[in-house]
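Here is the structure we will look at.
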Amino acid sequence: MLFHEVRLPEDISFGASGGPSFSTDIITMKNGNEQRNINWSRPRMRYNLVNTIKNQGSFDLINAFFYNRKGRAYGFRYKDWADYQAIGQVVGVADGVETQFQLIKTYDSGSNQLSRTISKPVENTVSVYMDAVLQSSGYSIDITTGILTFSSAPSNGAIISVDFEFDVPVRFDSDNLEVRVDSVNSFSVNDILLIEVQP
């Protein structure tokens, strides 16, 4: 996958709109009942930066960023200010053999639960616990994949939990960046859409 391990400047991501989107086909029967077909088992994140480009400085940032991603060609990291961290997230229960665990974030609602794969943790934000005891060594974290690797297999039955911040892997959803200069140092842009790229 063509991907640059660089984060969209926070001055641009702060104030953006967006969030998770699902895909559901709804068929309405003749009697008015609905049949709903779930196409995706997990959401795909979408964002719009249209409200974050207001002056020359913000335009210069997004313009340079867009040039270097070549429009839709290269993915990049995006901080979703509404959802960028996990605290005490259980990522696995050790079996005494496995040494690698994928970071996830779990969303609970009543008896339902959905787990989201986290592939882009933020460097120097990861804290690892084994049975609620902070680990100071004996592991590594790949910030490009979100895989936690222990130097030796944790003891069977140990609960592995992690605190971390994370980015969303995204790309621009258009090869065009359309800008209108309203006056000196004042800009208007059409939608600047981002879409998640799945790991």
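Each chain in the structure tokens gets a letter, A, B, ..., in the order shown, and its residues are numbered from 1; ligands are numbered from 1 in order too.
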Inset, instruction - Using backbone DSSP assignments, extract all strand (DSSP E or B) residues from chain A; output them as an NGL selection string. - result: :A and (3-7 or 17-21 or 24-28 or 34-38 or 44-48 or 75-78 or 85-93 or 100-102 or 104-109 or 112-117 or 121 or 127-130 or 133-135 or 139-142 or 147-150 or 159-166 or 168-172 or 179-183 or 186-189 or 193-196)
Inset, instruction - Compile the contact shell of A:Pro43 as a list in words: residues with an atom at most 12 Å away, counting only C-alpha atoms, same-chain residues fewer than 2 positions apart removed. - result: Gly19, Pro20, Ser21, Phe22, Ser23, Thr24, Ile38, Asn39, Trp40, Ser41, Met45, Arg46, Tyr107, Leu114, Ser115, Arg116, Thr117, Ile195, Glu196, Val197 and Gln198 of chain A
Would you save the residues from that selection as a PDB file, in the first residue's frame, using C-alpha atoms?
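See out15.pdb below for the written result:
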```pdb
ATOM      1  CA  GLY A  19     -16.593  10.009  11.721  1.00  0.00           C
ATOM      2  CA  PRO A  20     -17.540   6.374  11.088  1.00  0.00           C
ATOM      3  CA  SER A  21     -19.655   5.314   8.126  1.00  0.00           C
ATOM      4  CA  PHE A  22     -21.226   1.929   7.435  1.00  0.00           C
ATOM      5  CA  SER A  23     -22.776   0.448   4.304  1.00  0.00           C
ATOM      6  CA  THR A  24     -26.308  -0.934   4.601  1.00  0.00           C
ATOM      7  CA  ILE A  38     -25.159  -5.268   6.281  1.00  0.00           C
ATOM      8  CA  ASN A  39     -22.373  -4.952   3.712  1.00  0.00           C
ATOM      9  CA  TRP A  40     -19.482  -4.044   6.028  1.00  0.00           C
ATOM     10  CA  SER A  41     -18.637  -5.700   9.339  1.00  0.00           C
ATOM     11  CA  MET A  45     -13.945   6.636   8.616  1.00  0.00           C
ATOM     12  CA  ARG A  46     -14.654   9.724   6.515  1.00  0.00           C
ATOM     13  CA  TYR A 107     -16.695  -0.053  21.544  1.00  0.00           C
ATOM     14  CA  LEU A 114     -17.373  -4.009  18.135  1.00  0.00           C
ATOM     15  CA  SER A 115     -13.577  -4.119  17.953  1.00  0.00           C
ATOM     16  CA  ARG A 116     -11.627  -1.806  15.676  1.00  0.00           C
ATOM     17  CA  THR A 117      -8.116  -2.661  14.484  1.00  0.00           C
ATOM     18  CA  ILE A 195     -11.410   8.446   3.533  1.00  0.00           C
ATOM     19  CA  GLU A 196      -9.897   5.700   5.647  1.00  0.00           C
ATOM     20  CA  VAL A 197      -7.616   3.196   4.000  1.00  0.00           C
ATOM     21  CA  GLN A 198      -7.979  -0.248   5.503  1.00  0.00           C
TER      22      GLN A 198
END
```
Legend entry - 10 Å contact set for A:Arg7, only C-alpha atoms, chain neighbours under 3 positions out, as a list of chain:residue names: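 The residues that qualify are A:His4, A:Glu10, A:Ser13, A:Phe65, A:Gly75, A:Phe76, A:Arg77, A:Tyr78, A:Lys79, A:Val122, A:Asp167, A:Val168, A:Pro169, A:Val170.
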I'd like the contact shell of stretch 134-138 of chain A - 10 Å cut-off, only C-alpha atoms, skipping same-chain residues fewer than 5 positions apart - returned as a tab-separated table (two decimals) with C-alpha atoms, in the first residue's frame.
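Produced file result17.tsv, reproduced below:
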```tsv
chain	number	residue	atom	x	y	z
A	127	SER	CA	1.95	1.93	27.90
A	128	VAL	CA	1.65	-1.85	28.29
A	129	TYR	CA	0.21	-3.66	31.31
A	149	THR	CA	5.55	-7.94	20.35
A	150	PHE	CA	6.89	-9.41	23.59
A	151	SER	CA	10.48	-10.67	23.78
A	152	SER	CA	9.10	-13.82	25.42
A	153	ALA	CA	5.58	-15.20	25.63
A	154	PRO	CA	3.57	-13.80	28.58
A	161	SER	CA	-3.95	-4.23	28.29
A	162	VAL	CA	-2.62	-1.07	26.71
```
Legend entry - Which of stretch 29-65 of chain A DSSP labels alpha helix (DSSP H), written as a PyMOL selection string: chain A and resi 56-65
Legend entry - 7 Å contact set for A:Tyr47, only C-alpha atoms, chain neighbours under 3 positions out, as a PyMOL selection string: chain A and resi 16-19+193-195
Selection to disk with N, CA and C atoms, as a PDB file, in the first residue's frame:
```
ATOM      1  N   ALA A  16     -12.179  19.797  11.845  1.00  0.00           N
ATOM      2  CA  ALA A  16     -12.771  19.044  10.741  1.00  0.00           C
ATOM      3  C   ALA A  16     -14.020  18.302  11.220  1.00  0.00           C
ATOM      4  N   SER A  17     -14.846  17.897  10.282  1.00  0.00           N
ATOM      5  CA  SER A  17     -16.034  17.108  10.607  1.00  0.00           C
ATOM      6  C   SER A  17     -15.861  15.706  10.049  1.00  0.00           C
ATOM      7  N   GLY A  18     -16.590  14.766  10.619  1.00  0.00           N
ATOM      8  CA  GLY A  18     -16.527  13.407  10.099  1.00  0.00           C
ATOM      9  C   GLY A  18     -16.659  12.373  11.185  1.00  0.00           C
ATOM     10  N   GLY A  19     -16.473  11.116  10.797  1.00  0.00           N
ATOM     11  CA  GLY A  19     -16.593  10.009  11.721  1.00  0.00           C
ATOM     12  C   GLY A  19     -16.846   8.710  10.984  1.00  0.00           C
ATOM     13  N   LEU A 193     -12.249  16.071   1.141  1.00  0.00           N
ATOM     14  CA  LEU A 193     -12.691  14.839   1.775  1.00  0.00           C
ATOM     15  C   LEU A 193     -11.537  13.866   1.971  1.00  0.00           C
ATOM     16  N   LEU A 194     -11.554  13.193   3.130  1.00  0.00           N
ATOM     17  CA  LEU A 194     -10.604  12.144   3.444  1.00  0.00           C
ATOM     18  C   LEU A 194     -11.383  10.856   3.674  1.00  0.00           C
ATOM     19  N   ILE A 195     -10.776   9.742   3.316  1.00  0.00           N
ATOM     20  CA  ILE A 195     -11.410   8.446   3.533  1.00  0.00           C
ATOM     21  C   ILE A 195     -10.380   7.479   4.087  1.00  0.00           C
TER      22      ILE A 195
END
```
